[in-house]
Each structure stands twice: as structure tokens, then as C-alpha cells.
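Pasted below: work36.txt, compact mmCIF, C-alpha atoms.
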```txt
# COMPACT_ATOMS: atom_id res chain seq x y z
CA MET A 1 0.00 0.00 0.00
CA HIS A 2 1.29 3.44 -0.87
CA PRO A 3 0.10 5.75 1.88
CA ALA A 4 -0.40 8.77 -0.38
CA ASN A 5 -3.70 9.34 1.29
CA GLN A 6 -3.59 7.50 4.57
CA THR A 7 -7.24 7.98 5.39
CA LYS A 8 -8.46 6.67 2.06
CA ASP A 9 -6.00 3.81 2.24
CA GLN A 10 -7.20 2.91 5.68
CA ARG A 11 -10.74 2.81 4.39
CA VAL A 12 -9.78 0.62 1.46
CA CYS A 13 -7.84 -1.58 3.79
CA ALA A 14 -10.78 -1.99 6.15
CA ARG A 15 -13.10 -2.86 3.28
CA ARG A 16 -10.69 -5.42 1.88
CA ASP A 17 -10.32 -6.92 5.35
CA GLN A 18 -14.06 -7.14 5.65
CA ILE A 19 -14.36 -8.94 2.31
CA VAL A 20 -11.43 -11.25 3.02
CA ALA A 21 -12.88 -12.20 6.41
CA ALA A 22 -16.28 -12.96 4.88
CA SER A 23 -14.73 -14.92 2.01
CA ARG A 24 -12.70 -17.05 4.38
CA LEU A 25 -15.88 -18.11 6.13
CA CYS A 26 -17.68 -18.78 2.84
CA PHE A 27 -14.80 -20.80 1.41
CA ARG A 28 -14.52 -22.76 4.64
CA LYS A 29 -18.18 -23.58 4.56
CA HIS A 30 -18.71 -24.38 0.90
CA GLY A 31 -15.29 -24.70 -0.71
CA PHE A 32 -14.12 -22.53 -3.57
CA HIS A 33 -16.62 -23.81 -6.07
CA GLY A 34 -19.55 -23.67 -3.74
CA ALA A 35 -19.01 -20.09 -2.56
CA GLY A 36 -20.23 -17.47 -5.03
CA MET A 37 -19.70 -13.72 -5.13
CA ALA A 38 -23.33 -13.19 -4.10
CA GLU A 39 -22.80 -15.14 -0.91
CA ILE A 40 -19.52 -13.39 -0.20
CA ALA A 41 -21.28 -10.06 -0.67
CA LYS A 42 -24.09 -11.04 1.65
CA MET A 43 -21.65 -12.25 4.32
CA SER A 44 -19.62 -9.03 3.92
CA GLN A 45 -22.78 -6.93 4.23
CA LEU A 46 -21.86 -5.25 0.96
CA SER A 47 -23.35 -5.34 -2.51
CA VAL A 48 -21.80 -7.47 -5.24
CA GLY A 49 -20.95 -4.23 -7.04
CA GLN A 50 -19.06 -2.98 -4.01
CA ILE A 51 -17.08 -6.22 -3.80
CA TYR A 52 -15.94 -5.77 -7.40
CA ARG A 53 -14.55 -2.34 -6.52
CA TYR A 54 -12.03 -4.04 -4.23
CA PHE A 55 -11.43 -7.35 -5.99
CA VAL A 56 -11.75 -7.94 -9.73
CA ASN A 57 -13.01 -11.50 -9.23
CA LYS A 58 -13.09 -14.49 -6.88
CA ASP A 59 -9.55 -15.49 -7.87
CA ALA A 60 -8.31 -12.10 -6.68
CA ILE A 61 -9.85 -12.75 -3.28
CA ILE A 62 -8.25 -16.20 -3.16
CA GLU A 63 -4.97 -14.58 -4.11
CA GLU A 64 -5.22 -12.11 -1.24
CA ILE A 65 -6.12 -14.85 1.24
CA VAL A 66 -3.20 -16.99 0.07
CA ARG A 67 -0.81 -14.06 0.20
CA ARG A 68 -1.71 -13.34 3.81
CA ILE A 69 -1.53 -16.95 4.94
CA VAL A 70 1.74 -17.64 3.15
CA PHE A 71 3.19 -14.47 4.62
CA LYS A 72 2.31 -15.64 8.11
CA LYS A 73 3.76 -19.07 7.42
CA ILE A 74 7.05 -17.67 6.23
CA GLN A 75 7.15 -15.41 9.27
CA ILE A 76 6.64 -18.39 11.54
CA MET A 77 9.27 -20.38 9.68
CA THR A 78 11.96 -17.71 9.71
CA GLY A 79 11.05 -16.75 13.28
CA GLY A 80 11.66 -20.38 14.10
CA ALA A 81 15.03 -20.36 12.46
CA HIS A 82 16.07 -17.68 14.93
CA ASN A 83 14.71 -19.44 17.96
CA LEU A 84 15.23 -23.11 17.34
CA LYS A 85 14.38 -24.27 20.84
CA GLN A 86 11.05 -22.52 20.88
CA MET A 87 10.29 -23.81 17.40
CA ALA A 88 11.16 -27.40 18.34
CA SER A 89 8.89 -27.16 21.33
CA ASN A 90 6.03 -25.62 19.33
CA LEU A 91 6.19 -28.22 16.60
CA ALA A 92 6.51 -31.13 19.04
CA TYR A 93 3.32 -29.91 20.69
CA ARG A 94 1.80 -29.21 17.29
CA VAL A 95 1.51 -25.53 18.00
CA ILE A 96 1.87 -23.64 14.75
CA GLY A 97 0.92 -20.32 16.10
CA VAL A 98 0.83 -16.79 14.92
CA GLN A 99 2.65 -15.60 18.03
CA ASN A 100 5.75 -13.44 17.59
CA ILE A 101 4.60 -12.26 14.21
CA ASP A 102 5.47 -8.76 13.24
CA HIS A 103 2.02 -7.60 12.26
CA SER A 104 3.31 -4.20 11.24
CA LYS A 105 4.73 -5.92 8.17
CA ILE A 106 1.40 -7.29 7.03
CA ASP A 107 -0.90 -4.95 5.15
CA CYS A 108 -4.40 -5.14 6.55
CA PRO A 109 -3.49 -7.74 9.16
CA GLU A 110 -6.05 -10.07 10.61
CA LEU A 111 -4.85 -9.96 14.16
CA SER A 112 -6.94 -12.61 15.83
CA PRO A 113 -4.80 -15.69 16.51
CA GLU A 114 -7.89 -17.91 16.62
CA GLN A 115 -7.96 -17.53 12.85
CA ASN A 116 -5.09 -19.99 12.84
CA GLU A 117 -7.18 -23.10 12.43
CA ILE A 118 -9.10 -21.49 9.60
CA ASP A 119 -5.80 -20.62 7.93
CA HIS A 120 -4.68 -24.20 8.11
CA ALA A 121 -7.92 -25.57 6.71
CA LEU A 122 -8.05 -22.94 3.98
CA MET A 123 -4.51 -23.73 2.91
CA LEU A 124 -5.40 -27.40 2.57
CA GLU A 125 -8.34 -26.36 0.44
CA VAL A 126 -6.23 -23.99 -1.65
CA THR A 127 -3.56 -26.62 -2.14
CA ALA A 128 -6.11 -29.25 -3.14
CA GLU A 129 -7.64 -26.75 -5.54
CA ALA A 130 -4.18 -25.92 -6.92
CA THR A 131 -3.75 -29.52 -8.04
CA ARG A 132 -6.63 -29.11 -10.49
CA ASN A 133 -6.87 -25.38 -11.13
CA PRO A 134 -3.84 -23.80 -12.84
CA VAL A 135 -4.91 -20.28 -11.85
CA VAL A 136 -4.89 -21.20 -8.15
CA GLU A 137 -1.68 -23.16 -8.62
CA LYS A 138 -0.01 -20.06 -10.04
CA ILE A 139 -1.34 -17.87 -7.20
CA LEU A 140 0.04 -20.31 -4.65
CA ARG A 141 3.40 -20.68 -6.35
CA ASP A 142 3.88 -16.97 -6.92
CA ALA A 143 2.99 -15.99 -3.38
CA GLU A 144 5.19 -18.68 -1.95
CA SER A 145 8.14 -17.88 -4.22
CA LYS A 146 8.05 -14.19 -3.49
CA LEU A 147 7.87 -14.74 0.25
CA PHE A 148 10.41 -17.55 0.32
CA ASN A 149 12.88 -15.17 -1.26
CA GLU A 150 12.02 -12.45 1.23
CA ALA A 151 12.55 -14.93 4.04
CA LYS A 152 15.91 -15.87 2.60
CA ALA A 153 16.92 -12.21 2.53
CA MET A 154 15.81 -11.87 6.16
CA MET A 155 17.86 -14.91 7.18
CA THR A 156 21.04 -14.00 5.34
CA PRO A 157 22.44 -11.63 8.01
CA TYR A 158 22.16 -14.41 10.60
CA TYR A 159 24.25 -16.78 8.51
CA PRO A 160 26.74 -14.47 6.84
CA ASP A 161 29.18 -17.23 5.96
CA MET A 162 26.66 -19.66 4.60
CA PRO A 163 26.54 -19.95 0.81
CA GLU A 164 23.17 -18.98 -0.60
CA LYS A 165 22.61 -22.50 -1.91
CA GLU A 166 23.05 -23.89 1.59
CA LEU A 167 20.78 -21.35 3.20
CA THR A 168 18.09 -22.03 0.61
CA ALA A 169 18.21 -25.76 1.23
CA ARG A 170 18.06 -25.25 4.99
CA LEU A 171 15.07 -22.96 4.71
CA GLU A 172 13.38 -25.52 2.49
CA MET A 173 13.93 -28.16 5.15
CA MET A 174 12.40 -25.86 7.75
CA ALA A 175 9.40 -25.38 5.47
CA VAL A 176 9.08 -29.16 5.04
CA MET A 177 9.03 -29.66 8.79
CA CYS A 178 6.50 -26.88 9.41
CA GLU A 179 4.17 -28.07 6.67
CA GLY A 180 4.53 -31.70 7.68
CA THR A 181 3.73 -30.89 11.29
CA ALA A 182 0.73 -28.82 10.27
CA PHE A 183 -0.53 -31.72 8.18
CA ARG A 184 0.03 -34.25 10.97
CA ARG A 185 -2.10 -32.23 13.36
CA LEU A 186 -5.11 -33.89 11.81
CA THR A 187 -3.88 -37.31 12.91
CA GLN A 188 -3.86 -38.67 16.41
CA ALA A 189 -0.76 -37.66 18.36
CA HIS A 190 1.03 -40.99 18.79
CA ALA A 191 4.34 -39.71 20.03
CA ASP A 192 5.15 -38.37 23.46
CA PRO A 193 5.65 -34.61 22.90
CA GLU A 194 8.71 -34.38 25.14
CA THR A 195 10.47 -37.18 23.29
CA LEU A 196 9.47 -35.62 20.01
CA LYS A 197 10.73 -32.25 21.18
CA THR A 198 14.18 -33.68 21.70
CA ILE A 199 14.16 -35.02 18.15
CA TYR A 200 12.95 -31.76 16.63
CA ASN A 201 15.65 -30.03 18.62
CA GLN A 202 18.34 -32.36 17.35
CA VAL A 203 17.14 -31.96 13.79
CA PHE A 204 17.01 -28.17 13.98
CA LEU A 205 20.46 -28.02 15.51
CA LYS A 206 21.68 -30.24 12.71
CA VAL A 207 19.96 -28.19 10.03
CA PHE A 208 20.53 -24.69 11.37
CA SER A 209 23.38 -24.39 13.77
CA ASP A 210 25.74 -26.56 11.84
CA SER A 211 26.60 -23.63 9.62
CA THR A 212 29.38 -25.50 7.90
CA PRO A 213 28.42 -26.32 4.34
CA SER A 214 26.82 -29.70 4.04
CA HIS A 215 29.21 -31.10 1.45
CA THR A 216 30.48 -33.68 3.91
CA PRO A 217 27.61 -35.96 4.81
CA GLU A 218 28.66 -37.67 7.99
CA ASN A 219 28.24 -41.34 7.48
CA MET B 220 -11.05 -60.26 3.23
CA HIS B 221 -11.69 -63.83 4.29
CA PRO B 222 -11.09 -66.05 1.30
CA ALA B 223 -13.84 -68.53 2.10
CA ASN B 224 -14.87 -68.45 -1.47
CA GLN B 225 -11.95 -67.09 -3.44
CA THR B 226 -13.83 -66.72 -6.69
CA LYS B 227 -16.62 -64.79 -5.12
CA ASP B 228 -14.14 -62.70 -3.15
CA GLN B 229 -12.26 -61.90 -6.29
CA ARG B 230 -15.45 -60.74 -7.91
CA VAL B 231 -16.33 -58.56 -4.94
CA CYS B 232 -12.81 -57.23 -4.93
CA ALA B 233 -12.93 -56.34 -8.61
CA ARG B 234 -16.28 -54.56 -8.19
CA ARG B 235 -15.03 -52.60 -5.21
CA ASP B 236 -11.94 -51.63 -7.19
CA GLN B 237 -14.10 -50.47 -10.03
CA ILE B 238 -16.20 -48.30 -7.71
CA VAL B 239 -13.18 -46.93 -5.87
CA ALA B 240 -11.47 -46.02 -9.16
CA ALA B 241 -14.59 -44.25 -10.43
CA SER B 242 -15.11 -42.44 -7.12
CA ARG B 243 -11.55 -41.20 -7.11
CA LEU B 244 -12.11 -39.55 -10.46
CA CYS B 245 -15.45 -38.08 -9.38
CA PHE B 246 -14.05 -36.73 -6.12
CA ARG B 247 -11.07 -35.28 -7.94
CA LYS B 248 -13.31 -33.52 -10.40
CA HIS B 249 -16.06 -32.20 -8.17
CA GLY B 250 -14.88 -32.58 -4.58
CA PHE B 251 -16.69 -34.67 -1.99
CA HIS B 252 -19.77 -32.52 -1.89
CA GLY B 253 -20.09 -32.17 -5.62
CA ALA B 254 -19.81 -35.86 -6.45
CA GLY B 255 -23.04 -37.79 -5.89
CA MET B 256 -23.74 -41.50 -5.86
CA ALA B 257 -25.54 -41.19 -9.21
CA GLU B 258 -22.41 -39.81 -10.84
CA ILE B 259 -20.21 -42.42 -9.20
CA ALA B 260 -22.57 -45.12 -10.47
CA LYS B 261 -22.48 -43.69 -13.98
CA MET B 262 -18.69 -43.46 -13.96
CA SER B 263 -18.47 -47.03 -12.59
CA GLN B 264 -20.86 -48.27 -15.28
CA LEU B 265 -23.02 -49.75 -12.54
CA SER B 266 -26.44 -48.90 -11.19
CA VAL B 267 -26.81 -46.95 -7.96
CA GLY B 268 -28.39 -50.08 -6.47
CA GLN B 269 -25.30 -52.11 -7.35
CA ILE B 270 -23.03 -49.52 -5.72
CA TYR B 271 -24.96 -49.84 -2.46
CA ARG B 272 -24.32 -53.58 -2.47
CA TYR B 273 -20.60 -52.87 -2.07
CA PHE B 274 -20.60 -49.65 -0.06
CA VAL B 275 -23.32 -48.58 2.37
CA ASN B 276 -22.84 -44.88 1.54
CA LYS B 277 -20.45 -42.29 0.17
CA ASP B 278 -18.58 -42.12 3.49
CA ALA B 279 -17.80 -45.83 3.18
CA ILE B 280 -16.22 -45.19 -0.22
CA ILE B 281 -14.20 -42.31 1.21
CA GLU B 282 -13.15 -44.60 4.04
CA GLU B 283 -11.89 -47.23 1.60
CA ILE B 284 -10.03 -44.64 -0.46
CA VAL B 285 -8.39 -43.19 2.65
CA ARG B 286 -7.49 -46.65 3.94
CA ARG B 287 -5.69 -47.53 0.72
CA ILE B 288 -3.85 -44.22 0.45
CA VAL B 289 -2.79 -44.19 4.09
CA PHE B 290 -1.60 -47.77 3.75
CA LYS B 291 0.61 -46.81 0.82
CA LYS B 292 1.94 -43.80 2.72
CA ILE B 293 2.89 -45.85 5.74
CA GLN B 294 4.56 -48.38 3.45
CA ILE B 295 6.60 -45.62 1.84
CA MET B 296 7.48 -44.19 5.23
CA THR B 297 8.59 -47.44 6.82
CA GLY B 298 10.31 -48.51 3.61
CA GLY B 299 12.23 -45.26 3.89
CA ALA B 300 13.23 -45.93 7.44
CA HIS B 301 14.99 -49.06 6.19
CA ASN B 302 16.76 -47.35 3.35
CA LEU B 303 17.57 -43.90 4.53
CA LYS B 304 19.81 -42.95 1.64
CA GLN B 305 17.22 -43.79 -0.96
CA MET B 306 14.57 -41.99 1.05
CA ALA B 307 16.73 -38.86 1.40
CA SER B 308 17.30 -38.84 -2.33
CA ASN B 309 13.63 -39.38 -3.14
CA LEU B 310 12.44 -36.62 -0.85
CA ALA B 311 15.12 -34.17 -2.00
CA TYR B 312 13.91 -34.72 -5.56
CA ARG B 313 10.30 -34.64 -4.36
CA VAL B 314 9.69 -38.18 -5.46
CA ILE B 315 7.12 -39.74 -3.18
CA GLY B 316 6.63 -42.86 -5.15
CA VAL B 317 4.76 -46.07 -4.80
CA GLN B 318 7.86 -48.03 -5.79
CA ASN B 319 8.98 -50.88 -3.55
CA ILE B 320 5.52 -51.35 -2.17
CA ASP B 321 4.47 -54.82 -1.26
CA HIS B 322 1.21 -54.92 -3.15
CA SER B 323 0.46 -58.41 -1.91
CA LYS B 324 -0.32 -56.80 1.42
CA ILE B 325 -2.98 -54.49 0.02
CA ASP B 326 -6.42 -55.95 -0.56
CA CYS B 327 -7.66 -55.05 -4.01
CA PRO B 328 -4.54 -53.07 -4.88
CA GLU B 329 -4.60 -50.31 -7.44
CA LEU B 330 -1.34 -51.12 -9.08
CA SER B 331 -0.79 -48.20 -11.43
CA PRO B 332 1.90 -45.90 -10.02
CA GLU B 333 0.55 -42.96 -12.06
CA GLN B 334 -2.29 -42.88 -9.54
CA ASN B 335 0.22 -41.25 -7.23
CA GLU B 336 -0.64 -37.69 -8.08
CA ILE B 337 -4.31 -38.44 -7.66
CA ASP B 338 -3.56 -39.94 -4.26
CA HIS B 339 -1.78 -36.81 -3.19
CA ALA B 340 -4.55 -34.48 -4.37
CA LEU B 341 -7.26 -36.68 -2.85
CA MET B 342 -5.50 -36.72 0.49
CA LEU B 343 -5.38 -32.92 0.50
CA GLU B 344 -9.08 -32.94 -0.22
CA VAL B 345 -9.79 -35.53 2.46
CA THR B 346 -7.71 -33.62 4.99
CA ALA B 347 -9.41 -30.33 4.18
CA GLU B 348 -12.77 -32.08 4.49
CA ALA B 349 -11.70 -33.61 7.80
CA THR B 350 -11.27 -30.14 9.27
CA ARG B 351 -15.00 -29.51 8.90
CA ASN B 352 -16.58 -32.96 8.76
CA PRO B 353 -16.22 -35.06 11.94
CA VAL B 354 -17.12 -38.29 10.09
CA VAL B 355 -14.26 -37.83 7.64
CA GLU B 356 -11.97 -36.71 10.46
CA LYS B 357 -12.68 -39.96 12.27
CA ILE B 358 -12.09 -42.03 9.13
CA LEU B 359 -8.76 -40.32 8.60
CA ARG B 360 -7.67 -40.63 12.22
CA ASP B 361 -8.70 -44.27 12.55
CA ALA B 362 -7.01 -45.37 9.33
CA GLU B 363 -3.86 -43.50 10.20
CA SER B 364 -3.76 -44.77 13.80
CA LYS B 365 -4.23 -48.38 12.79
CA LEU B 366 -1.55 -48.19 10.15
CA PHE B 367 0.87 -46.16 12.23
CA ASN B 368 0.77 -48.91 14.82
CA GLU B 369 1.28 -51.56 12.17
CA ALA B 370 4.26 -49.60 10.88
CA LYS B 371 5.67 -49.43 14.37
CA ALA B 372 5.35 -53.18 14.72
CA MET B 373 7.13 -53.63 11.40
CA MET B 374 9.98 -51.34 12.49
CA THR B 375 10.51 -52.81 15.93
CA PRO B 376 12.72 -55.73 14.82
CA TYR B 377 15.11 -53.28 13.15
CA TYR B 378 15.56 -51.29 16.35
CA PRO B 379 15.35 -53.97 19.03
CA ASP B 380 17.05 -51.88 21.71
CA MET B 381 15.10 -48.70 21.12
CA PRO B 382 12.41 -47.96 23.69
CA GLU B 383 8.96 -47.90 22.14
CA LYS B 384 8.54 -44.24 23.03
CA GLU B 385 11.67 -43.40 21.08
CA LEU B 386 10.68 -45.44 18.07
CA THR B 387 7.25 -43.83 18.01
CA ALA B 388 8.71 -40.34 18.09
CA ARG B 389 11.15 -41.19 15.33
CA LEU B 390 8.43 -42.61 13.14
CA GLU B 391 6.38 -39.49 13.74
CA MET B 392 9.30 -37.38 12.59
CA MET B 393 9.59 -39.50 9.46
CA ALA B 394 5.88 -38.96 8.84
CA VAL B 395 6.31 -35.20 9.31
CA MET B 396 9.09 -35.12 6.74
CA CYS B 397 7.17 -37.21 4.21
CA GLU B 398 3.99 -35.17 4.55
CA GLY B 399 5.88 -31.89 4.51
CA THR B 400 7.72 -32.86 1.35
CA ALA B 401 4.50 -33.98 -0.31
CA PHE B 402 2.94 -30.65 0.55
CA ARG B 403 5.92 -28.66 -0.70
CA ARG B 404 5.71 -30.31 -4.10
CA LEU B 405 3.05 -27.79 -4.98
CA THR B 406 5.52 -24.93 -4.50
CA GLN B 407 8.37 -24.02 -6.76
CA ALA B 408 11.55 -25.97 -5.99
CA HIS B 409 13.86 -23.28 -4.67
CA ALA B 410 16.59 -25.48 -3.29
CA ASP B 411 19.22 -27.36 -5.22
CA PRO B 412 18.21 -31.03 -4.90
CA GLU B 413 21.72 -32.30 -4.28
CA THR B 414 22.29 -29.84 -1.44
CA LEU B 415 18.89 -30.70 -0.06
CA LYS B 416 19.65 -34.41 -0.35
CA THR B 417 22.66 -33.98 1.91
CA ILE B 418 20.48 -32.26 4.49
CA TYR B 419 17.77 -34.92 4.35
CA ASN B 420 20.53 -37.48 4.73
CA GLN B 421 21.96 -35.77 7.79
CA VAL B 422 18.53 -35.45 9.34
CA PHE B 423 17.63 -39.08 8.73
CA LEU B 424 20.92 -40.24 10.17
CA LYS B 425 20.26 -38.06 13.18
CA VAL B 426 16.72 -39.33 13.58
CA PHE B 427 17.23 -42.96 12.79
CA SER B 428 20.75 -44.01 13.53
CA ASP B 429 21.31 -42.17 16.78
CA SER B 430 20.68 -44.18 19.92
CA THR B 431 20.57 -47.40 18.00
CA PRO B 432 23.70 -48.92 19.53
CA SER B 433 23.02 -52.39 18.18
CA HIS B 434 22.13 -51.55 14.61
CA THR B 435 24.07 -49.47 12.14
CA PRO B 436 21.85 -48.65 9.18
CA GLU B 437 23.41 -49.23 5.82
CA ASN B 438 25.10 -46.19 4.42
```
For the structure just supplied, provide its representation as C-alpha cells.
Amino acid sequence: MHPANQTKDQRVCARRDQIVAASRLCFRKHGFHGAGMAEIAKMSQLSVGQIYRYFVNKDAIIEEIVRRIVFKKIQIMTGGAHNLKQMASNLAYRVIGVQNIDHSKIDCPELSPEQNEIDHALMLEVTAEATRNPVVEKILRDAESKLFNEAKAMMTPYYPDMPEKELTARLEMMAVMCEGTAFRRLTQAHADPETLKTIYNQVFLKVFSDSTPSHTPEN
Amino acid sequence: MHPANQTKDQRVCARRDQIVAASRLCFRKHGFHGAGMAEIAKMSQLSVGQIYRYFVNKDAIIEEIVRRIVFKKIQIMTGGAHNLKQMASNLAYRVIGVQNIDHSKIDCPELSPEQNEIDHALMLEVTAEATRNPVVEKILRDAESKLFNEAKAMMTPYYPDMPEKELTARLEMMAVMCEGTAFRRLTQAHADPETLKTIYNQVFLKVFSDSTPSHTPEN
């Protein structure tokens, strides 16, 4: 957002928030196909015409939802890479929270942390949709790519001696572990969290504090 | 299946396969809500009445689909825990294949490995559905729990000195990494696969060869 006119921007922002919040609920309830612009409008307490002033179509709303969720995910992931112990503990207990997120960096933030579960479910829906809808696939890929690269730039000062290739691979591994844990939350927790915490810890230490390039696999 | 009458069982098996295959395509195309029994019947080239002879309702079909997919996943996961190097390489290259699966252990196996992508997409759909539909959530949890415990039993002989709690936590970590990698396949591959392979390797060695004094996995 370019704050040329802060007051107008704030109004636009609030409207977009309102529409995004309503759309999230509609998509959750009926899926992407089931939820139409009319329903989104009704839920937003706006007219369909008003909705189109803020989003050109349903895909644009999906894009905005994805952008916000992916942004939060990357924040969590890179936050974790700075505080490995906390991250290990969170993941072991299947907490993939929005805590410690710098909301000032998100345009039009949805601040309520209880939106977390909805985020997770919506991302599953988006990802499922992406496997059959090339437009959604592109939205997902583009948002993720842009933010992955931002995350990498944020991480670089913490690992000044690590080659970019190494840092990228380590961030990817962190993403794999976050996504995998998020996915596993839907299953029964078989493992003792404290035992699991130790393993997450060991893995993170291996992946992130061992800043020597990984060209010598220790076997 | 109890092979009291093998010929009849084989017939039942073939019919169930036929229905499962048709349902997979219907669910892929229209989602769980969109796909009705009439469409599944049409796609199966059977009558709706015939479908109900093999599955009491749509949930029962979903249950069978989930059971088969989860079984394959657990097979891949435990197979990986026996061959860490291969697993590291597969995951680094985002190959989550059905290779090396003992199909003799799956009732009514769908043998075609190209079904893999469909499996992945269907599981995303099932998991998204599970977040709002308690029946599907229970199906998913029960199938996964049963098979996770079978996997643990299969692994135990390889790690005879490892306390059960440890083995469970390590298997959970393997599951996290497999699911996370599967999820990340939808994003652009940022990391160099060879660099990533080394990291997967290090992590697997950390997770699976540590505290196994009696057994040194083959590297």
C-alpha cells in the first residue's frame, strides 16, 4: 500500500479486510466452487458491485487470502530459524501459532490468533484446488516464491558465511518440517511430545546451527 | 477379506476396485460434496443399487479410499526408514513414489503408479474435508492410527534396543518429513536437490541411527 492518502488507504484496507474475512468463512463452509460472489457479498454486508470495486473477481480474493496466509507461514518459519528451541517445542506440541509475528509488516493484518485453524484448513483447500486449477496453482506458487525469497533475505544476516545454496536448502527443510507438522495435526498424536521435542531439537540443531556447508555428509 | 470363497471374493474385490477407481475420479473432479452417488454409479458403469451392495454410503467409499492411500503412505514411510539414503534422495527430488511397495499386502490393490498424483490431491481434499466434517476426520484418524501402529510393529525388529517411546517419536518425525515434502511439491523448488539431499541425509541419520547402539543402518 502506498500511503499517499492514509485515510483513504485505511478505508480501502478496512473494506478489503471485511471482504477477506467474509470470504474465508464462505470458502470454509462451501469450498471454492460452492461459494459465489453473491454469498460473499451477503456475508460481507456489501453489494456485489461494491465487492468488485475491491477485488476484480473471486480469484483475486483467493490470491489475497493466500498471500496473507503464506506471509504468516514464512514469518513463523523464519522466526523459528532464529529461535530453534522454541520452534522445536512448538512443533513437538503441534503448535503452529501466529505468536511473535510482526504484524506491522502485514498490510491489513487479521490480528486474531484464533484464525489460525481457519488458515490451516483454507490452505489445505487452496492446495487441493491448486492440483486441479492452474490459476490457483499459479497464485500459490507466486505468493510462496516471493515470500520464500524475502525470508531468505531476512535470514542471510544471521548466517553471513553460509553460501546462498546452503541457506536455501536449509530454509526448504524448515518449510518441510513446518508443513509436515501442520498436516500431521489432523492425525492422532502418537508420540510423546517431550520425546518428540528432543528429536525436533536435534534436527534443527543439525539443520541450522551446523553452519558449515553440508558437502560432507557424515556417514 | 476372508477367502472362504476365493472366486466370489475376487469378484467382490474387482467390483469394489471399479467403484473406488470411479469415485476417485469423481471426487477429484467435483470434490466430496459435488460428487453424488448417481455420478459415481455412472462413472463405474453400474447402477446406484449395485453400488450400495458394495458400499453402504459415500462415506464408506471415502473410508476405503483413505485406507488404501494411508496404507501406501505408511509403506513408503517405513520402507524409507529401512533405506535412509534412498529416502533422502527421493524426498530431495520430491519423489514420493509407490515403488517398492508390497502390493500383496494391500487388498484389491490399485497397481498403477501414475495414480500417485491423484492420491496426493485426494489426500489434501480428504484432509481439508476432515477439518469440517467429523465423520471424515474420524475415518482419517482411525485409518492412520491403525496403520501407524502396524508400521511401528514392522519397524521394531530393526531397532530392538530402542524404547517404544523413542521409536514412536522417530516414526512421527519420518511422517512429518514425508507429509511436509508432499505438501511442498506444490511450490516451486527453490533449493538445489543435491544440497537438499545432503540435508535430508543428515537429518535421517540423526533421527534414525542415533541411539541405536546395536544396529548401524546401511550407508
Discussion item. Can you state the RMSD, in Å, between chain B and chain A once they are superposed by least squares on every Cα paired in order?
Written reply: 3.3 Å
Discussion item. Could you work out which residues of chain B fall inside 7 Å of chain A? Count all atoms listed in the file, and format the result as a PyMOL selection string.
Written reply: chain B and resi 340+343-344+347+350+360+363-364+384-385+387-388+391+395-396+398-400+402-403+406-407+409-411+414-415+417-418+421-422+425-426+438
Centre and edge lengths, as AutoDock Vina command-line options, for the axis-aligned box enclosing every listed atom of region 308-312 of chain B with 5 Å of padding on each of the six sides, in Å to one decimal?
```
--center_x 14.9 --center_y -36.8 --center_z -3.2 --size_x 14.9 --size_y 15.2 --size_z 14.7
```
Practice prompt. Around the point (-10.8, -4.0, -2.5) in the file's coordinates, collect all residues with an atom within 9 Å, using all atoms listed in the file, and return them as a ChimeraX atom specification.
Written response: /A:12-17,19,50-56,61
Just C-alpha atoms for this one: save the residues we selected as an mmCIF file, in the coordinates of the input.
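Output saved as result-v2.cif:
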```cif
data_model
loop_
_atom_site.group_PDB
_atom_site.id
_atom_site.type_symbol
_atom_site.label_atom_id
_atom_site.label_comp_id
_atom_site.auth_asym_id
_atom_site.auth_seq_id
_atom_site.Cartn_x
_atom_site.Cartn_y
_atom_site.Cartn_z
ATOM 1 C CA VAL A 12 -9.780 0.620 1.460
ATOM 2 C CA CYS A 13 -7.840 -1.580 3.790
ATOM 3 C CA ALA A 14 -10.780 -1.990 6.150
ATOM 4 C CA ARG A 15 -13.100 -2.860 3.280
ATOM 5 C CA ARG A 16 -10.690 -5.420 1.880
ATOM 6 C CA ASP A 17 -10.320 -6.920 5.350
ATOM 7 C CA ILE A 19 -14.360 -8.940 2.310
ATOM 8 C CA GLN A 50 -19.060 -2.980 -4.010
ATOM 9 C CA ILE A 51 -17.080 -6.220 -3.800
ATOM 10 C CA TYR A 52 -15.940 -5.770 -7.400
ATOM 11 C CA ARG A 53 -14.550 -2.340 -6.520
ATOM 12 C CA TYR A 54 -12.030 -4.040 -4.230
ATOM 13 C CA PHE A 55 -11.430 -7.350 -5.990
ATOM 14 C CA VAL A 56 -11.750 -7.940 -9.730
ATOM 15 C CA ILE A 61 -9.850 -12.750 -3.280
#
```
Fill in: Residue contacts of Lys292 (chain B) (9 Å, only C-alpha atoms) excluding same-chain residues fewer than 4 positions away, as a ChimeraX atom specification
/B:287-288,296-297,315,317,394,397
Item to complete: Go ahead and compute the interatomic distance for CA of Val239 (chain B) and CA of Val314 (chain B), in Å to one decimal.
Response: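 Answer for the CA of Val239 (chain B) to CA of Val314 (chain B) separation: 24.5 Å.
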Restore N, CA and C atoms in region 135-146 of chain A and list the result as an mmCIF file, in the coordinates of the input.
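New file result02.cif:
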```cif
data_model
loop_
_atom_site.group_PDB
_atom_site.id
_atom_site.type_symbol
_atom_site.label_atom_id
_atom_site.label_comp_id
_atom_site.auth_asym_id
_atom_site.auth_seq_id
_atom_site.Cartn_x
_atom_site.Cartn_y
_atom_site.Cartn_z
ATOM 1 N N VAL A 135 -4.920 -21.661 -12.333
ATOM 2 C CA VAL A 135 -4.910 -20.280 -11.850
ATOM 3 C C VAL A 135 -4.541 -20.255 -10.353
ATOM 4 N N VAL A 136 -5.183 -21.136 -9.586
ATOM 5 C CA VAL A 136 -4.890 -21.200 -8.150
ATOM 6 C C VAL A 136 -3.470 -21.713 -7.919
ATOM 7 N N GLU A 137 -3.053 -22.651 -8.746
ATOM 8 C CA GLU A 137 -1.680 -23.160 -8.620
ATOM 9 C C GLU A 137 -0.674 -22.014 -8.786
ATOM 10 N N LYS A 138 -0.922 -21.173 -9.788
ATOM 11 C CA LYS A 138 -0.010 -20.060 -10.040
ATOM 12 C C LYS A 138 -0.035 -19.063 -8.871
ATOM 13 N N ILE A 139 -1.221 -18.780 -8.360
ATOM 14 C CA ILE A 139 -1.340 -17.870 -7.200
ATOM 15 C C ILE A 139 -0.505 -18.399 -6.036
ATOM 16 N N LEU A 140 -0.667 -19.683 -5.768
ATOM 17 C CA LEU A 140 0.040 -20.310 -4.650
ATOM 18 C C LEU A 140 1.550 -20.273 -4.856
ATOM 19 N N ARG A 141 1.961 -20.669 -6.044
ATOM 20 C CA ARG A 141 3.400 -20.680 -6.350
ATOM 21 C C ARG A 141 4.013 -19.301 -6.286
ATOM 22 N N ASP A 142 3.330 -18.326 -6.884
ATOM 23 C CA ASP A 142 3.880 -16.970 -6.920
ATOM 24 C C ASP A 142 4.003 -16.373 -5.530
ATOM 25 N N ALA A 143 2.955 -16.540 -4.741
ATOM 26 C CA ALA A 143 2.990 -15.990 -3.380
ATOM 27 C C ALA A 143 4.108 -16.648 -2.591
ATOM 28 N N GLU A 144 4.184 -17.951 -2.715
ATOM 29 C CA GLU A 144 5.190 -18.680 -1.950
ATOM 30 C C GLU A 144 6.597 -18.292 -2.396
ATOM 31 N N SER A 145 6.808 -18.207 -3.698
ATOM 32 C CA SER A 145 8.140 -17.880 -4.220
ATOM 33 C C SER A 145 8.602 -16.511 -3.742
ATOM 34 N N LYS A 146 7.704 -15.565 -3.863
ATOM 35 C CA LYS A 146 8.050 -14.190 -3.490
ATOM 36 C C LYS A 146 8.433 -14.157 -2.006
#
```
